[in-house]
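The structure appears below as structure tokens.
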Amino acid sequence: MGAILGTLNMDVPEFVDLEQNAEDKTATLSVRDPNEKEQKEMWGTSWSYLSNHITGVSEGHTAILRLVGVGYRASVEQRGAKEEYPGQKFLCLKLGFTHPVEVGIPRGVTVTTPSLTRILIEGPDREVLMSFAGKVRKWRPPEPYKGKGVFINDQTIKLKQKKIK
């Protein structure tokens with residue numbers, strides 16, 4: 001197993017029990033009453049969050065954003081004026097607006113631009129990582145007529161024909 005990439009905390013409802021076995025390196029999640037609807041729902045949700053946290057601190061999560069459009073560019077820059085915490089970097093995007101779009105990179109998330117139209121986002125917390133990816137995508141969601149926009153991971157869209165009267 002690789003190096004631990006950080007620590008993550010998780011709040012679980014009081015009816016969800018977590019037992020850890022250090023020798024087998026296993027964790028068991030259970031609920032007090034498996035027949036109650038809310039407890040059954042939270043059982044799966046808690047398991048999913050726990051699984052994501054374990055993967056996050058052992059391997060880390062990644063997301064790749066693709067910028068599709070003429071003149072769409074991305075770069076990571078240091079901006080002094082707007083930073084929310086010391087040393088915060090910003091993802092600067094050129095998306096066809098009259099001004100560059102600057103999105104603050106959250107703490108614990110690493111953003112690199114392998115090429116001008118690819119953005120690689122890495123970090124231990126999947127929730128923070130994907131919410132940042134969604135925030136970037138909101139500036140130019142993929143549109144179905146020309147196929148331009150910001151695509152997350154291997155997302156694709158079906159192109160439409162233009163309307164003919």
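Identifiers in the structure tokens: chain A, B, ... in order shown; residue index from 1 per chain; ligand index from 1 in order shown.
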Do a neighbour search on Val68 of chain A at 9 Å with only C-alpha atoms, toss out local chain neighbours closer than 6 positions, and write the hits as a PDB file with N, CA and C atoms, in the first residue's frame.
```pdb
ATOM      1  N   THR A 117      -5.815  22.646 -23.124  1.00  0.00           N
ATOM      2  CA  THR A 117      -7.246  22.319 -23.096  1.00  0.00           C
ATOM      3  C   THR A 117      -7.578  21.143 -22.174  1.00  0.00           C
ATOM      4  N   PRO A 142     -21.495  21.750 -21.531  1.00  0.00           N
ATOM      5  CA  PRO A 142     -21.523  21.292 -22.919  1.00  0.00           C
ATOM      6  C   PRO A 142     -22.865  21.593 -23.577  1.00  0.00           C
ATOM      7  N   GLY A 147     -21.299  21.230 -29.756  1.00  0.00           N
ATOM      8  CA  GLY A 147     -20.479  20.316 -28.956  1.00  0.00           C
ATOM      9  C   GLY A 147     -19.385  21.014 -28.179  1.00  0.00           C
ATOM     10  N   LYS A 148     -19.554  22.319 -27.920  1.00  0.00           N
ATOM     11  CA  LYS A 148     -18.544  23.068 -27.183  1.00  0.00           C
ATOM     12  C   LYS A 148     -18.867  23.050 -25.696  1.00  0.00           C
ATOM     13  N   GLY A 149     -17.842  23.269 -24.876  1.00  0.00           N
ATOM     14  CA  GLY A 149     -18.061  23.366 -23.445  1.00  0.00           C
ATOM     15  C   GLY A 149     -16.968  22.697 -22.641  1.00  0.00           C
ATOM     16  N   VAL A 150     -17.201  22.577 -21.339  1.00  0.00           N
ATOM     17  CA  VAL A 150     -16.266  21.926 -20.422  1.00  0.00           C
ATOM     18  C   VAL A 150     -16.833  20.553 -20.082  1.00  0.00           C
ATOM     19  N   PHE A 151     -16.079  19.513 -20.397  1.00  0.00           N
ATOM     20  CA  PHE A 151     -16.511  18.132 -20.171  1.00  0.00           C
ATOM     21  C   PHE A 151     -15.738  17.553 -18.992  1.00  0.00           C
TER      22      PHE A 151
END
```
For this session: Please provide as a VMD selection string all residues within 12 Å of Ala63 of chain A, with the sequence filter that same-chain residues fewer than 4 positions apart are discarded (counting only C-alpha atoms).
Result: chain A and resid 109 to 113 118 to 134 136 151 to 155
Output the selection as an mmCIF file, in the first residue's frame - N, CA and C atoms for each residue.
```cif
data_model
loop_
_atom_site.group_PDB
_atom_site.id
_atom_site.type_symbol
_atom_site.label_atom_id
_atom_site.label_comp_id
_atom_site.auth_asym_id
_atom_site.auth_seq_id
_atom_site.Cartn_x
_atom_site.Cartn_y
_atom_site.Cartn_z
ATOM 1 N N VAL A 109 -6.719 20.364 -2.829
ATOM 2 C CA VAL A 109 -6.917 19.940 -4.218
ATOM 3 C C VAL A 109 -5.737 20.442 -5.047
ATOM 4 N N THR A 110 -5.170 19.556 -5.864
ATOM 5 C CA THR A 110 -4.055 19.923 -6.743
ATOM 6 C C THR A 110 -4.569 19.995 -8.168
ATOM 7 N N VAL A 111 -4.301 21.110 -8.838
ATOM 8 C CA VAL A 111 -4.748 21.280 -10.225
ATOM 9 C C VAL A 111 -3.529 21.518 -11.111
ATOM 10 N N THR A 112 -3.427 20.746 -12.190
ATOM 11 C CA THR A 112 -2.354 20.944 -13.168
ATOM 12 C C THR A 112 -2.971 20.987 -14.558
ATOM 13 N N THR A 113 -2.266 21.631 -15.475
ATOM 14 C CA THR A 113 -2.741 21.695 -16.861
ATOM 15 C C THR A 113 -1.688 21.049 -17.760
ATOM 16 N N ARG A 118 -6.620 20.714 -21.347
ATOM 17 C CA ARG A 118 -6.851 19.626 -20.388
ATOM 18 C C ARG A 118 -6.523 20.141 -18.991
ATOM 19 N N ILE A 119 -7.379 19.794 -18.026
ATOM 20 C CA ILE A 119 -7.150 20.171 -16.632
ATOM 21 C C ILE A 119 -7.211 18.894 -15.808
ATOM 22 N N LEU A 120 -6.152 18.616 -15.038
ATOM 23 C CA LEU A 120 -6.107 17.432 -14.192
ATOM 24 C C LEU A 120 -6.295 17.887 -12.744
ATOM 25 N N ILE A 121 -7.336 17.352 -12.090
ATOM 26 C CA ILE A 121 -7.642 17.711 -10.705
ATOM 27 C C ILE A 121 -7.402 16.481 -9.844
ATOM 28 N N GLU A 122 -6.597 16.632 -8.769
ATOM 29 C CA GLU A 122 -6.282 15.505 -7.893
ATOM 30 C C GLU A 122 -6.481 15.901 -6.444
ATOM 31 N N GLY A 123 -6.878 14.930 -5.609
ATOM 32 C CA GLY A 123 -7.036 15.189 -4.183
ATOM 33 C C GLY A 123 -7.621 13.994 -3.471
ATOM 34 N N PRO A 124 -7.526 13.972 -2.135
ATOM 35 C CA PRO A 124 -8.051 12.833 -1.386
ATOM 36 C C PRO A 124 -9.568 12.849 -1.213
ATOM 37 N N ASP A 125 -10.198 14.030 -1.153
ATOM 38 C CA ASP A 125 -11.634 14.116 -0.893
ATOM 39 C C ASP A 125 -12.409 14.231 -2.204
ATOM 40 N N ARG A 126 -13.106 13.159 -2.575
ATOM 41 C CA ARG A 126 -13.811 13.112 -3.861
ATOM 42 C C ARG A 126 -14.915 14.157 -3.951
ATOM 43 N N GLU A 127 -15.590 14.406 -2.826
ATOM 44 C CA GLU A 127 -16.699 15.354 -2.809
ATOM 45 C C GLU A 127 -16.224 16.769 -3.147
ATOM 46 N N VAL A 128 -15.136 17.200 -2.515
ATOM 47 C CA VAL A 128 -14.570 18.538 -2.764
ATOM 48 C C VAL A 128 -14.077 18.627 -4.207
ATOM 49 N N LEU A 129 -13.406 17.561 -4.659
ATOM 50 C CA LEU A 129 -12.833 17.513 -5.999
ATOM 51 C C LEU A 129 -13.907 17.635 -7.086
ATOM 52 N N MET A 130 -14.977 16.845 -6.979
ATOM 53 C CA MET A 130 -16.014 16.865 -8.002
ATOM 54 C C MET A 130 -16.865 18.130 -7.919
ATOM 55 N N SER A 131 -16.996 18.700 -6.714
ATOM 56 C CA SER A 131 -17.755 19.942 -6.614
ATOM 57 C C SER A 131 -16.972 21.082 -7.258
ATOM 58 N N PHE A 132 -15.634 21.053 -7.148
ATOM 59 C CA PHE A 132 -14.799 22.047 -7.834
ATOM 60 C C PHE A 132 -14.911 21.865 -9.347
ATOM 61 N N ALA A 133 -14.882 20.603 -9.811
ATOM 62 C CA ALA A 133 -15.017 20.318 -11.241
ATOM 63 C C ALA A 133 -16.363 20.834 -11.756
ATOM 64 N N GLY A 134 -17.422 20.644 -10.967
ATOM 65 C CA GLY A 134 -18.752 21.122 -11.340
ATOM 66 C C GLY A 134 -18.817 22.637 -11.401
ATOM 67 N N VAL A 136 -16.329 24.623 -12.156
ATOM 68 C CA VAL A 136 -15.642 25.025 -13.390
ATOM 69 C C VAL A 136 -16.549 24.781 -14.593
ATOM 70 N N PHE A 151 -16.079 19.513 -20.397
ATOM 71 C CA PHE A 151 -16.511 18.132 -20.171
ATOM 72 C C PHE A 151 -15.738 17.553 -18.992
ATOM 73 N N ILE A 152 -16.450 16.872 -18.062
ATOM 74 C CA ILE A 152 -15.813 16.235 -16.913
ATOM 75 C C ILE A 152 -15.582 14.764 -17.235
ATOM 76 N N ASN A 153 -14.345 14.295 -16.989
ATOM 77 C CA ASN A 153 -13.930 12.906 -17.234
ATOM 78 C C ASN A 153 -14.292 12.466 -18.654
ATOM 79 N N ASP A 154 -14.998 11.332 -18.808
ATOM 80 C CA ASP A 154 -15.295 10.830 -20.149
ATOM 81 C C ASP A 154 -16.722 11.148 -20.567
ATOM 82 N N GLN A 155 -17.238 12.273 -20.083
ATOM 83 C CA GLN A 155 -18.599 12.694 -20.423
ATOM 84 C C GLN A 155 -18.704 13.004 -21.919
#
```
Seminar exercise, completed: Counting only C-alpha atoms, closest pick from A:Val101, A:Met10, A:Leu65, A:Ala22 relative to Ser46 of chain A is A:Met10
Problem set entry | Residue contacts of Phe90 of chain A (9 Å, only C-alpha atoms) excluding same-chain residues fewer than 3 positions away, as a list of chain:residue names | A:Ser75, A:Val76, A:Glu77, A:Gln78, A:Arg79, A:Glu83, A:Glu102, A:Val103, A:Gly104, A:Ile105, A:Val111
How about saving the chosen residues, C-alpha atoms kept, as a PDB file, in the first residue's frame?
```
ATOM      1  CA  SER A  75      -3.710  27.829 -16.785  1.00  0.00           C
ATOM      2  CA  VAL A  76      -2.951  27.704 -13.054  1.00  0.00           C
ATOM      3  CA  GLU A  77      -1.755  31.022 -11.613  1.00  0.00           C
ATOM      4  CA  GLN A  78      -0.969  32.686  -8.304  1.00  0.00           C
ATOM      5  CA  ARG A  79      -3.177  35.696  -7.486  1.00  0.00           C
ATOM      6  CA  GLU A  83      -7.012  34.440  -2.073  1.00  0.00           C
ATOM      7  CA  GLU A 102     -10.705  32.884 -12.300  1.00  0.00           C
ATOM      8  CA  VAL A 103     -11.801  30.035 -10.021  1.00  0.00           C
ATOM      9  CA  GLY A 104     -10.100  29.614  -6.617  1.00  0.00           C
ATOM     10  CA  ILE A 105      -8.662  26.136  -6.069  1.00  0.00           C
ATOM     11  CA  VAL A 111      -4.748  21.280 -10.225  1.00  0.00           C
TER      12      VAL A 111
END
```
Exercise. Atom CA of Glu36 of chain A and atom CA of Leu18 of chain A are how many Å apart?
Worked result: 18.1 Å
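Going from atom CA of Lys89 of chain A over to atom CA of Gly56 of chain A, you cover 21.6 Å.
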Enumerate, as a compact mmCIF listing (two decimals) with all heavy atoms, in the first residue's frame, the complete set of residues in chain A that a backbone-based DSSP assignment places in alpha helix (DSSP H).
```txt
# COMPACT_ATOMS: atom_id res chain seq x y z
N LYS A 37 -36.56 1.82 6.96
CA LYS A 37 -36.21 2.40 5.64
C LYS A 37 -35.04 3.38 5.71
O LYS A 37 -34.09 3.28 4.95
CB LYS A 37 -37.44 3.08 5.04
CG LYS A 37 -37.25 3.52 3.60
CD LYS A 37 -38.57 4.02 3.03
CE LYS A 37 -38.45 4.22 1.55
NZ LYS A 37 -38.10 5.51 1.13
N GLU A 38 -35.11 4.36 6.63
CA GLU A 38 -34.07 5.39 6.71
C GLU A 38 -32.71 4.77 7.03
O GLU A 38 -31.69 5.16 6.46
CB GLU A 38 -34.43 6.43 7.77
CG GLU A 38 -33.44 7.59 7.79
CD GLU A 38 -33.48 8.42 9.06
OE1 GLU A 38 -34.25 8.08 9.98
OE2 GLU A 38 -32.72 9.38 9.14
N GLN A 39 -32.71 3.77 7.92
CA GLN A 39 -31.45 3.13 8.29
C GLN A 39 -30.86 2.35 7.13
O GLN A 39 -29.66 2.34 6.91
CB GLN A 39 -31.65 2.23 9.51
CG GLN A 39 -31.94 3.04 10.76
CD GLN A 39 -31.90 2.20 12.03
OE1 GLN A 39 -31.30 1.12 12.07
NE2 GLN A 39 -32.54 2.69 13.08
N LYS A 40 -31.74 1.69 6.35
CA LYS A 40 -31.26 0.95 5.17
C LYS A 40 -30.62 1.91 4.17
O LYS A 40 -29.58 1.61 3.57
CB LYS A 40 -32.42 0.21 4.50
CG LYS A 40 -32.60 -1.19 5.00
CD LYS A 40 -33.41 -2.09 4.10
CE LYS A 40 -34.65 -1.50 3.52
NZ LYS A 40 -35.58 -2.47 2.99
N GLU A 41 -31.27 3.08 3.97
CA GLU A 41 -30.75 4.07 3.02
C GLU A 41 -29.37 4.57 3.46
O GLU A 41 -28.45 4.67 2.66
CB GLU A 41 -31.71 5.25 2.91
CG GLU A 41 -33.01 4.91 2.21
CD GLU A 41 -34.07 6.00 2.38
OE1 GLU A 41 -33.84 6.96 3.14
OE2 GLU A 41 -35.13 5.88 1.75
N MET A 42 -29.25 4.91 4.74
CA MET A 42 -27.99 5.46 5.24
C MET A 42 -26.88 4.42 5.31
O MET A 42 -25.70 4.75 5.28
CB MET A 42 -28.19 6.10 6.62
CG MET A 42 -28.96 7.41 6.59
SD MET A 42 -28.37 8.57 5.34
CE MET A 42 -26.76 8.97 5.97
N TRP A 43 -27.25 3.15 5.38
CA TRP A 43 -26.29 2.05 5.39
C TRP A 43 -25.46 2.10 4.10
O TRP A 43 -24.25 2.14 4.13
CB TRP A 43 -27.06 0.74 5.50
CG TRP A 43 -26.28 -0.48 5.87
CD1 TRP A 43 -24.94 -0.57 6.05
CD2 TRP A 43 -26.82 -1.77 6.11
NE1 TRP A 43 -24.61 -1.85 6.40
CE2 TRP A 43 -25.75 -2.62 6.45
CE3 TRP A 43 -28.10 -2.30 6.08
CZ2 TRP A 43 -25.91 -3.96 6.74
CZ3 TRP A 43 -28.26 -3.64 6.38
CH2 TRP A 43 -27.18 -4.46 6.71
N GLY A 44 -26.16 2.13 2.97
CA GLY A 44 -25.47 2.17 1.67
C GLY A 44 -24.73 3.47 1.44
O GLY A 44 -23.60 3.48 0.94
N THR A 45 -25.35 4.58 1.83
CA THR A 45 -24.72 5.88 1.65
C THR A 45 -23.44 5.97 2.47
O THR A 45 -22.40 6.42 1.97
CB THR A 45 -25.69 7.00 2.06
OG1 THR A 45 -26.89 6.87 1.31
CG2 THR A 45 -25.10 8.37 1.82
N SER A 46 -23.51 5.55 3.74
CA SER A 46 -22.33 5.60 4.61
C SER A 46 -21.24 4.70 4.07
O SER A 46 -20.06 5.05 4.09
CB SER A 46 -22.70 5.15 6.03
OG SER A 46 -23.69 5.98 6.55
N TRP A 47 -21.62 3.52 3.57
CA TRP A 47 -20.63 2.60 2.99
C TRP A 47 -19.93 3.24 1.81
O TRP A 47 -18.72 3.16 1.66
CB TRP A 47 -21.31 1.29 2.57
CG TRP A 47 -20.31 0.32 2.02
CD1 TRP A 47 -19.57 -0.56 2.74
CD2 TRP A 47 -19.91 0.19 0.66
NE1 TRP A 47 -18.72 -1.24 1.90
CE2 TRP A 47 -18.91 -0.80 0.61
CE3 TRP A 47 -20.27 0.82 -0.52
CZ2 TRP A 47 -18.28 -1.18 -0.57
CZ3 TRP A 47 -19.65 0.44 -1.70
CH2 TRP A 47 -18.68 -0.54 -1.72
N SER A 48 -20.72 3.92 0.95
CA SER A 48 -20.16 4.55 -0.23
C SER A 48 -19.18 5.67 0.15
O SER A 48 -18.09 5.78 -0.41
CB SER A 48 -21.30 5.11 -1.08
OG SER A 48 -20.81 5.73 -2.22
N TYR A 49 -19.58 6.50 1.13
CA TYR A 49 -18.69 7.57 1.59
C TYR A 49 -17.41 7.00 2.19
O TYR A 49 -16.32 7.48 1.92
CB TYR A 49 -19.39 8.44 2.64
CG TYR A 49 -20.26 9.52 2.06
CD1 TYR A 49 -21.59 9.64 2.44
CD2 TYR A 49 -19.76 10.43 1.13
CE1 TYR A 49 -22.40 10.63 1.91
CE2 TYR A 49 -20.56 11.42 0.60
CZ TYR A 49 -21.88 11.52 0.99
OH TYR A 49 -22.66 12.50 0.46
N LEU A 50 -17.55 5.95 3.01
CA LEU A 50 -16.38 5.33 3.64
C LEU A 50 -15.44 4.77 2.57
O LEU A 50 -14.23 4.96 2.63
CB LEU A 50 -16.82 4.22 4.59
CG LEU A 50 -15.70 3.48 5.31
CD1 LEU A 50 -14.99 4.41 6.27
CD2 LEU A 50 -16.24 2.27 6.05
N SER A 51 -16.01 4.10 1.58
CA SER A 51 -15.23 3.54 0.48
C SER A 51 -14.47 4.64 -0.26
O SER A 51 -13.28 4.50 -0.56
CB SER A 51 -16.16 2.79 -0.46
OG SER A 51 -15.55 2.51 -1.66
N ASN A 52 -15.14 5.76 -0.55
CA ASN A 52 -14.49 6.89 -1.22
C ASN A 52 -13.38 7.48 -0.37
O ASN A 52 -12.34 7.88 -0.88
CB ASN A 52 -15.51 7.99 -1.56
CG ASN A 52 -16.30 7.66 -2.81
OD1 ASN A 52 -15.89 6.84 -3.62
ND2 ASN A 52 -17.45 8.29 -2.95
N HIS A 53 -13.59 7.58 0.96
CA HIS A 53 -12.58 8.12 1.86
C HIS A 53 -11.35 7.22 1.90
O HIS A 53 -10.22 7.70 1.89
CB HIS A 53 -13.15 8.30 3.26
CG HIS A 53 -13.97 9.55 3.43
ND1 HIS A 53 -14.67 10.13 2.40
CD2 HIS A 53 -14.21 10.34 4.50
CE1 HIS A 53 -15.29 11.21 2.83
NE2 HIS A 53 -15.02 11.36 4.11
N ILE A 54 -11.57 5.90 1.95
CA ILE A 54 -10.45 4.95 1.99
C ILE A 54 -9.64 5.05 0.70
O ILE A 54 -8.42 5.13 0.72
CB ILE A 54 -10.95 3.51 2.23
CG1 ILE A 54 -11.50 3.39 3.66
CG2 ILE A 54 -9.84 2.49 1.99
CD1 ILE A 54 -12.26 2.11 3.94
N THR A 55 -10.33 5.07 -0.44
CA THR A 55 -9.65 5.21 -1.73
C THR A 55 -8.91 6.55 -1.79
O THR A 55 -7.79 6.63 -2.29
CB THR A 55 -10.65 5.13 -2.90
OG1 THR A 55 -11.39 3.94 -2.78
CG2 THR A 55 -9.94 5.15 -4.23
N GLY A 56 -9.53 7.60 -1.28
CA GLY A 56 -8.95 8.94 -1.32
C GLY A 56 -7.65 9.05 -0.57
O GLY A 56 -6.68 9.63 -1.07
N VAL A 57 -7.58 8.49 0.66
CA VAL A 57 -6.35 8.62 1.43
C VAL A 57 -5.29 7.61 1.02
O VAL A 57 -4.11 7.80 1.29
CB VAL A 57 -6.59 8.53 2.96
CG1 VAL A 57 -7.39 9.71 3.44
CG2 VAL A 57 -7.22 7.23 3.35
N SER A 58 -5.68 6.53 0.33
CA SER A 58 -4.67 5.54 -0.08
C SER A 58 -4.18 5.81 -1.50
O SER A 58 -2.99 5.78 -1.76
CB SER A 58 -5.22 4.12 0.04
OG SER A 58 -6.37 3.97 -0.75
N ARG A 126 -13.11 13.16 -2.58
CA ARG A 126 -13.81 13.11 -3.86
C ARG A 126 -14.92 14.16 -3.95
O ARG A 126 -15.16 14.74 -5.01
CB ARG A 126 -14.39 11.71 -4.07
CG ARG A 126 -14.98 11.53 -5.45
CD ARG A 126 -15.26 10.07 -5.73
NE ARG A 126 -15.44 9.86 -7.15
CZ ARG A 126 -16.59 10.01 -7.77
NH1 ARG A 126 -17.65 10.38 -7.10
NH2 ARG A 126 -16.68 9.81 -9.07
N GLU A 127 -15.59 14.41 -2.83
CA GLU A 127 -16.70 15.35 -2.81
C GLU A 127 -16.22 16.77 -3.15
O GLU A 127 -16.81 17.46 -3.98
CB GLU A 127 -17.35 15.33 -1.42
CG GLU A 127 -18.80 15.72 -1.42
CD GLU A 127 -19.45 15.50 -0.07
OE1 GLU A 127 -19.08 14.57 0.65
OE2 GLU A 127 -20.35 16.29 0.23
N VAL A 128 -15.14 17.20 -2.52
CA VAL A 128 -14.57 18.54 -2.76
C VAL A 128 -14.08 18.63 -4.21
O VAL A 128 -14.31 19.62 -4.90
CB VAL A 128 -13.42 18.83 -1.77
CG1 VAL A 128 -12.67 20.09 -2.14
CG2 VAL A 128 -13.95 18.92 -0.36
N LEU A 129 -13.41 17.56 -4.66
CA LEU A 129 -12.83 17.51 -6.00
C LEU A 129 -13.91 17.64 -7.09
O LEU A 129 -13.80 18.47 -7.98
CB LEU A 129 -12.10 16.18 -6.13
CG LEU A 129 -11.28 15.91 -7.36
CD1 LEU A 129 -9.87 15.58 -6.91
CD2 LEU A 129 -11.83 14.75 -8.10
N MET A 130 -14.98 16.84 -6.98
CA MET A 130 -16.01 16.86 -8.00
C MET A 130 -16.86 18.13 -7.92
O MET A 130 -17.38 18.60 -8.93
CB MET A 130 -16.90 15.61 -7.91
CG MET A 130 -16.17 14.32 -8.28
SD MET A 130 -15.22 14.40 -9.81
CE MET A 130 -16.52 14.17 -11.00
N SER A 131 -17.00 18.70 -6.71
CA SER A 131 -17.76 19.94 -6.61
C SER A 131 -16.97 21.08 -7.26
O SER A 131 -17.54 21.96 -7.89
CB SER A 131 -18.12 20.23 -5.16
OG SER A 131 -17.49 21.35 -4.67
N PHE A 132 -15.63 21.05 -7.15
CA PHE A 132 -14.80 22.05 -7.83
C PHE A 132 -14.91 21.87 -9.35
O PHE A 132 -15.05 22.83 -10.09
CB PHE A 132 -13.34 21.92 -7.39
CG PHE A 132 -12.40 22.82 -8.13
CD1 PHE A 132 -12.42 24.19 -7.93
CD2 PHE A 132 -11.51 22.31 -9.07
CE1 PHE A 132 -11.57 25.04 -8.63
CE2 PHE A 132 -10.66 23.14 -9.76
CZ PHE A 132 -10.69 24.50 -9.55
N ALA A 133 -14.88 20.60 -9.81
CA ALA A 133 -15.02 20.32 -11.24
C ALA A 133 -16.36 20.83 -11.76
O ALA A 133 -16.46 21.41 -12.84
CB ALA A 133 -14.89 18.82 -11.51
N GLY A 134 -17.42 20.64 -10.97
CA GLY A 134 -18.75 21.12 -11.34
C GLY A 134 -18.82 22.64 -11.40
O GLY A 134 -19.49 23.21 -12.26
N LYS A 135 -18.10 23.29 -10.47
CA LYS A 135 -18.06 24.76 -10.44
C LYS A 135 -17.39 25.30 -11.72
O LYS A 135 -17.84 26.28 -12.29
CB LYS A 135 -17.27 25.21 -9.22
CG LYS A 135 -17.59 26.59 -8.73
CD LYS A 135 -16.78 26.97 -7.51
CE LYS A 135 -17.26 26.25 -6.27
NZ LYS A 135 -16.52 26.66 -5.06
N VAL A 136 -16.33 24.62 -12.16
CA VAL A 136 -15.64 25.03 -13.39
C VAL A 136 -16.55 24.78 -14.59
O VAL A 136 -16.68 25.62 -15.47
CB VAL A 136 -14.30 24.26 -13.55
CG1 VAL A 136 -13.68 24.51 -14.91
CG2 VAL A 136 -13.34 24.65 -12.45
N ARG A 137 -17.22 23.63 -14.60
CA ARG A 137 -18.09 23.25 -15.72
C ARG A 137 -19.26 24.21 -15.89
O ARG A 137 -19.75 24.44 -16.98
CB ARG A 137 -18.59 21.83 -15.49
CG ARG A 137 -19.48 21.30 -16.58
CD ARG A 137 -19.83 19.86 -16.25
NE ARG A 137 -20.71 19.32 -17.24
CZ ARG A 137 -22.04 19.25 -17.09
NH1 ARG A 137 -22.60 19.69 -15.99
NH2 ARG A 137 -22.78 18.74 -18.05
```
For this session: Using backbone DSSP assignments, extract all strand (DSSP E or B) residues from chain A; output them as an MDAnalysis selection string.
Result: chainID A and resid 16:21 26:31 61:68 73:78 89:94 101:104 110:115 118:123 149:152
